[in-house]
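J.: I'd like to ask some things about the structure below.
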Amino acid sequence: MFDIDTVYALLPAWTRLRDAQQGSPLKDLLSVTVDQIAVLEEDLAQNYDNLFIETCAPWVVPYIGDLVQSTPLTDASRLAPSTTTAGLTTDLVGPSFQPAIGLRARADVAKTIFYRRRKTTLPMLEQLSSDVTGWAAHVCEFFQTLAWTQAVRNHVRANSFYAPDLRNVPAIDTINGPFDTAPRVVDVRAPRQLEGWHNIPNVGIFLWRLFSSPLYQITARPEPSTGGSGFYVSRLGQNAPMFTRWQPGIDATLPSAEPLLPGPIRPAAFYDDLLQYVSSASSAPYTQYYGRFGLDLPAPGAPSGSFFIIADGTPVPPARMQSMNLSQWRQPPANMVGVDVALGRLSFGSAWAATGLSGPKQVNISSFCGFPAELGGGGYDRQNWLLNRGLPGLQVFTVGTGGSYATISAALTAAAGIQEVLISIQDSATYIESLHIDPLDGGTLTIEAVDQHWPHVQGSITINGSHPASTVTLSGLLVEGAVQVSASLGRLRLIHTTLVPGLAIDVAAPVPVLPSIAVPSEVSPIDVELIFSISGPVQIPPLENSRLWLLDSIIDGVNGPAVTGAGGTPDWGPPAWIERSTLMGASYFRQLLSATEALFNGVVSTLHRQQGCVRFSFVPDGSSTPRRYRCQPDLQIATEISNATGNGPPLSATQIQAIHDDVVSWLLPAFTERYYGQPPYLQLHLHAPRQISQGAQDGSEMGAYCHLKQPQRLKNLQIRLQEYLPFSRQAATLFVT
């Protein structure tokens with residue numbers, strides 16, 4: 001690379017001396033020339049890089065794909081990034097805040113020749129499906145499971161008898177799943193999600209939409225009724241299945257690959273896993289499902305499991321574990337630990353009793369939990385979302401394992417009087433404490449979890465702001481309690497944080513549900529920002545200069561309204577700016593400045609409707625909003641009225657009302673799971689109306705999971721299968737989660 005000092009030094013000394021005497025005009029001229037040479041050099045270097053798919057610029061990818069005759073796919077470069085998120089996160093590490101969406105056109109083009117050399121083979125179809133969609137995939141040829149009339153003189157298929165082996169519990173437990181081996185008769189229906197699988201030409205492509213998020217050394221929650229012997233894996237004290245870790249790149253066509261795919265652990269599979277461990281007389285501290293993983297691994301390359309238990313500081317060996325059904329709490333034998341992987345429950349025998357308890361005093365567990373997206377916090381990669389440590393005047397206080405303070409409150413006390421504060425939590429432990437945050441006038445205070453950790457705060461958070469320019473940020477937290485602003489605060493920001501809807505899970509939610517974010521009416525204007533976060537009801541006064549920003553987030557009113565003013569229903573809430581978010585429950589806004597690709601699951605009421613716009617969103621019938629553009633069900637009603645009118649006479653008011661009532665009755669969002677804490681929380685049901693599941697501006701789904709681009713992933717897969725599927729075969733995409 002050229003630089004001005006190097007080039008200038010090449011000139012004769014007398015020339016440089018004379019130039020210096022005249023004010024260095026020659027050096028200034030050379031400086032401009034060198035800058036242009038540097039631009040030219042950079043362009044030449046990029047042109048060389050553009051010869052290779054691994055290093056080329058994004059715009060070159062389709063051209064290289066054309067050289068190998070690869071059909072272009074939708075990828076991240078064809079999707080417009082959100083400028084709103086970047087504008088609200090200028091103090092974070094960045095530079096990009098676009099989530100990984102699994103659309104990998106570059107990798108697809110790079111592997112085109114590799115795919116074609118192995119064309120039509122099952123491992124190749126499996127790897128192709130995973131590479132194109134970003135989901136875990138398993139491919140099954142259904143003719144392999146068709147029942148076969150056995151004859152000694154003919155081809156004998158020992159695994160294809162008409163009657164399955166009912167004594168083989170692990171095999172019976174896989175029926176109707178991706179690793180089902182039970183024989184079937186021919187089903188001539190077209191292959192779909194729930195029918196028509198087993199036929200000679202059919203190939204099933206099983207896909208796992210939920211991803212497994214690792215949680216390291218979280219604090220298991222005791223069940224009071226067991227006297228200390230029973231624990232929930234969930235820190236919120238609820239039943240939730242334990243998930244397996246996903247190891248990409250494996251050959252998932254093998255039955256032994258099931259423990260490495262991101263789905264709920266089957267109790268029968270875990271039971272069989274422990275049985276094989278005992279029968280092998282192994283002394284290893286791991287099995288296929290049980291063992292350390294990720295950050296907990298003792299050494300790189302060590303065998304990994306899907307969960308690991310430590311009781312009172314002592315690791316539990318697999319020889320002292322047994323698979324149990326703990327739907328009714330009961331204790332295992334004295335020195336054993338019962339694990340219910342389906343409900344996420346642990347039960348310790350009497351030999352584990354601590355003083356005054358019938359079990360250990362504290363249980364820590366590393367495990368995986370399932371969720372539709374990297375949203376609301378978790379053990380996923382959040383490096384770009386961390387606060388920039390290079391900000392002027394920033395002082396960092398560390399909490400937790402390896403930190404300087406044992407509690408968050410102690411760090412807050414130590415940070416009193418400091419203008420720019422970052423409290424960094426170093427682990428995923430549970431902190432049972434109520435926090436009182438007092439940011440300095442005009443200062444910023446951030447409570448942030450380090451990357452790949454998700455600490456749990458069990459208690460309320462009170463913010464005693466005293467200046468309209470102060471900022472408080474909560475990042476990467478799980479808060480079982482409310483955030484209450486008791487005085488003036490300029491900005492409250494939640495980034496990849498969950499405020500548990502209903503405040504708690506293990507107790508009955510009151511009616512109406514208490515708010516997760518509460519701002520009193522007497523405060524000065526405040527901006528409340530939720531970015532990739534989850535919250536219960538929000539109550540903010542309708543001040544003109546206040547703002548509620550919802551970006552890729554969820555507000556769950558549980559059994560009440562989602563957004564209201566400080567007085568609750570039907571008090572008007574704040575002006576709002578909403579992008580790709582889901583609101584469960586009625587919403588009351590002073591003004592709806594913008595709502596794009598949003599999913600409102602309750603009636604929306606807006607006080608001032610002269611300004612603002614709602615685009616590509618689902619707005620329930622009976623809502624009052626600013627002008628709408630291509631929103632549902634309005635768009636579908638207009639389409640059906642237009643189709644019914646055709647070239648004939650106009651429809652009567654009665655006919656129009658009948659069409660309206662019919663569309664409103666069926667065009668409604670449907671979810672796989674409604675309650676927070678369960679893996680498919682607010683995931684759109686597979687049979688949700690297409691107008692919602694593909695109703696966003698770019699054809700993806702409306703709501704908080706719009707950024708996943710699931711319709712585009714499926715379309716990419718269908719394009720590729722047209723080229724690589726064996727002749728005369730018919731593929732069916734089947735979702736496991």
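To be explicit about the labels: the chains of the structure tokens are called A, B, and onward in the order shown, and within each one the residues are counted from 1, while ligands get numbers from 1 in the order they are shown.
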What's the 12 Å shell around range 652-655 of chain A, counting only C-alpha atoms, without same-chain residues fewer than 6 positions away, as a list in words?
T.: Ile637, Glu640, Ile641, Ala644, Thr645, Asp661 and Asp662 of chain A
J.: Can you write just those residues out, C-alpha atoms, as an mmCIF file, in the first residue's frame?
T.:
data_model
loop_
_atom_site.group_PDB
_atom_site.id
_atom_site.type_symbol
_atom_site.label_atom_id
_atom_site.label_comp_id
_atom_site.auth_asym_id
_atom_site.auth_seq_id
_atom_site.Cartn_x
_atom_site.Cartn_y
_atom_site.Cartn_z
ATOM 1 C CA ILE A 637 -62.289 -8.189 2.289
ATOM 2 C CA GLU A 640 -63.310 -10.793 -2.209
ATOM 3 C CA ILE A 641 -65.718 -7.907 -2.817
ATOM 4 C CA ALA A 644 -67.664 -11.047 -6.314
ATOM 5 C CA THR A 645 -68.514 -7.868 -8.232
ATOM 6 C CA ASP A 661 -68.422 -11.121 8.386
ATOM 7 C CA ASP A 662 -67.200 -14.263 6.615
#
J.: Do a neighbour search on Tyr705 in chain A at 12 Å with only C-alpha atoms, toss out local chain neighbours closer than 2 positions, and write the hits as a PyMOL selection string.
T.: chain A and resi 99+101+209-210+371-376+532-533+551-554+579-582+597-599+680-684+692-694+696+700-703+707-711
J.: Env of Tyr431 in chain A: 10 Å cut, atoms = only C-alpha atoms, seq-sep filter 4 positions within chain, self excluded. Answer as a list in words.
T.: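 Listed by chain and then number, they are Thr219, Gly400, Ala406, Thr407, Ile408, Ser409, Pro455, His456, Val457, Gln458, Gly459 and Val479 of chain A.
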J.: Excluding Asp340 in chain A and residues on its chain fewer than 3 positions from it, collect all residues at most 6 Å away from it, counting only C-alpha atoms, and give them as a list in words.
T.: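 Once the nearby chain positions are removed, what remains is Met324, Asn325, Leu326, Leu343, Gly344 and Arg345 of chain A.
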J.: Out of A:Ala414, A:Leu207, A:Leu295, A:Val472, which residue has the shortest atom-to-atom distance to Ser130 in chain A when counting only C-alpha atoms?
T.: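 Residue with the minimum atom-to-atom distance to Ser130 in chain A: A:Leu207.
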J.: For the structure I just gave you, how does DSSP split range 86-246 of chain A - specifically, which residues are strand (DSSP E)? Reply as a VMD selection string.
T.: chain A and resid 136 to 141 202 to 208 211 to 219 221 to 222 230 to 232
J.: Which residues, written as a PyMOL selection string, have at least one atom at most 9 Å from Tyr629 in chain A, with only C-alpha atoms counted and residues fewer than 5 positions away on the same chain left out?
T.: chain A and resi 613-617+635
J.: Generate the output file for the selected residues, N, CA and C atoms, as an mmCIF file, in the first residue's frame.
T.:
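Contents of part_8.cif, freshly written:
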data_model
loop_
_atom_site.group_PDB
_atom_site.id
_atom_site.type_symbol
_atom_site.label_atom_id
_atom_site.label_comp_id
_atom_site.auth_asym_id
_atom_site.auth_seq_id
_atom_site.Cartn_x
_atom_site.Cartn_y
_atom_site.Cartn_z
ATOM 1 N N CYS A 613 -49.301 5.936 9.778
ATOM 2 C CA CYS A 613 -49.666 4.939 8.769
ATOM 3 C C CYS A 613 -49.456 3.546 9.341
ATOM 4 N N VAL A 614 -50.333 2.620 8.944
ATOM 5 C CA VAL A 614 -50.208 1.210 9.316
ATOM 6 C C VAL A 614 -50.056 0.417 8.029
ATOM 7 N N ARG A 615 -48.967 -0.340 7.909
ATOM 8 C CA ARG A 615 -48.639 -1.026 6.659
ATOM 9 C C ARG A 615 -48.416 -2.507 6.889
ATOM 10 N N PHE A 616 -48.927 -3.327 5.967
ATOM 11 C CA PHE A 616 -48.636 -4.763 5.935
ATOM 12 C C PHE A 616 -48.801 -5.391 7.325
ATOM 13 N N SER A 617 -49.864 -5.062 8.003
ATOM 14 C CA SER A 617 -50.082 -5.526 9.370
ATOM 15 C C SER A 617 -51.451 -6.170 9.501
ATOM 16 N N LEU A 635 -57.579 -5.984 3.396
ATOM 17 C CA LEU A 635 -57.167 -6.305 2.023
ATOM 18 C C LEU A 635 -57.934 -7.507 1.494
#
J.: Where does DSSP see helix (DSSP H, G or I) in range 340-533 of chain A, if you list the residues as a ChimeraX atom specification?
T.: /A:350-352,383-385,408-414
J.: Quick one: everything within 9 Å of Arg382 in chain A, counting only C-alpha atoms, minus sequence neighbours fewer than 6 positions away in the same chain. Send it as number ranges by chain.
T.: A: 450-452, 476, 496
J.: Can you write just those residues out, N, CA and C atoms, as a PDB file, in the first residue's frame?
T.:
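Result file follows (result21.pdb):
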ATOM      1  N   VAL A 450     -23.131 -10.475  29.906  1.00  0.00           N
ATOM      2  CA  VAL A 450     -22.084 -10.728  28.922  1.00  0.00           C
ATOM      3  C   VAL A 450     -22.612 -11.679  27.855  1.00  0.00           C
ATOM      4  N   ASP A 451     -21.907 -11.748  26.767  1.00  0.00           N
ATOM      5  CA  ASP A 451     -22.323 -12.590  25.647  1.00  0.00           C
ATOM      6  C   ASP A 451     -22.482 -14.051  26.079  1.00  0.00           C
ATOM      7  N   GLN A 452     -23.537 -14.704  25.578  1.00  0.00           N
ATOM      8  CA  GLN A 452     -23.852 -16.118  25.810  1.00  0.00           C
ATOM      9  C   GLN A 452     -24.306 -16.405  27.246  1.00  0.00           C
ATOM     10  N   GLY A 476     -30.034  -8.186  27.803  1.00  0.00           N
ATOM     11  CA  GLY A 476     -29.743  -9.605  27.982  1.00  0.00           C
ATOM     12  C   GLY A 476     -30.214 -10.177  29.298  1.00  0.00           C
ATOM     13  N   HIS A 496     -32.811  -7.259  23.928  1.00  0.00           N
ATOM     14  CA  HIS A 496     -32.726  -8.709  24.134  1.00  0.00           C
ATOM     15  C   HIS A 496     -33.010  -9.060  25.601  1.00  0.00           C
TER      16      HIS A 496
END
J.: Residues near Val185 in chain A, anyone? I mean within 8 Å using only C-alpha atoms, not counting same-chain ones fewer than 4 positions away, as a PyMOL selection string.
T.: chain A and resi 146-147+198
J.: In Å, with one decimal, what is the gap from CA of Phe308 in chain A to CA of Ala269 in chain A?
T.: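 Between CA of Phe308 in chain A and CA of Ala269 in chain A the gap works out to 16.7 Å.
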J.: Here is a test: counting only C-alpha atoms, which residue of A:Asp91, A:Val399, A:Pro468, A:Met124 is nearest to Glu420 in chain A?
T.: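 When distances to Glu420 in chain A are compared using only C-alpha atoms, the smallest one comes from A:Asp91.
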J.: Taking only C-alpha atoms into account, name the residue in A:Gln238, A:Asn384, A:Gln539, A:Gln718 that is nearest to Gln678 in chain A.
T.: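 Of the candidates, the smallest distance to Gln678 in chain A is held by A:Gln238.
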J.: List every residue of range 447-566 of chain A that has an atom at most 10 Å from any atom of range 601-604 of chain A, giving for each one its closest atom pair and the distance in Å to one decimal, counting only C-alpha atoms, sorted by chain and then by ascending residue number, as a Markdown table.
T.:
| residue | atom | partner | partner_atom | distance |
| --- | --- | --- | --- | --- |
| A:Asp556 | CA | A:Asn601 | CA | 9.6 |
| A:Gly557 | CA | A:Gly602 | CA | 9.5 |
| A:Gly560 | CA | A:Gly602 | CA | 9.6 |
| A:Pro561 | CA | A:Gly602 | CA | 7.8 |
| A:Ala562 | CA | A:Gly602 | CA | 8.3 |
| A:Val563 | CA | A:Val604 | CA | 9.5 |
J.: I'd like to know which of A:Trp14, A:Trp135, A:Phe231, A:Tyr48 is closest to Ser347 in chain A, using only C-alpha atoms.
T.: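 Looking only at the distances to Ser347 in chain A, the closest residue turns out to be A:Phe231.
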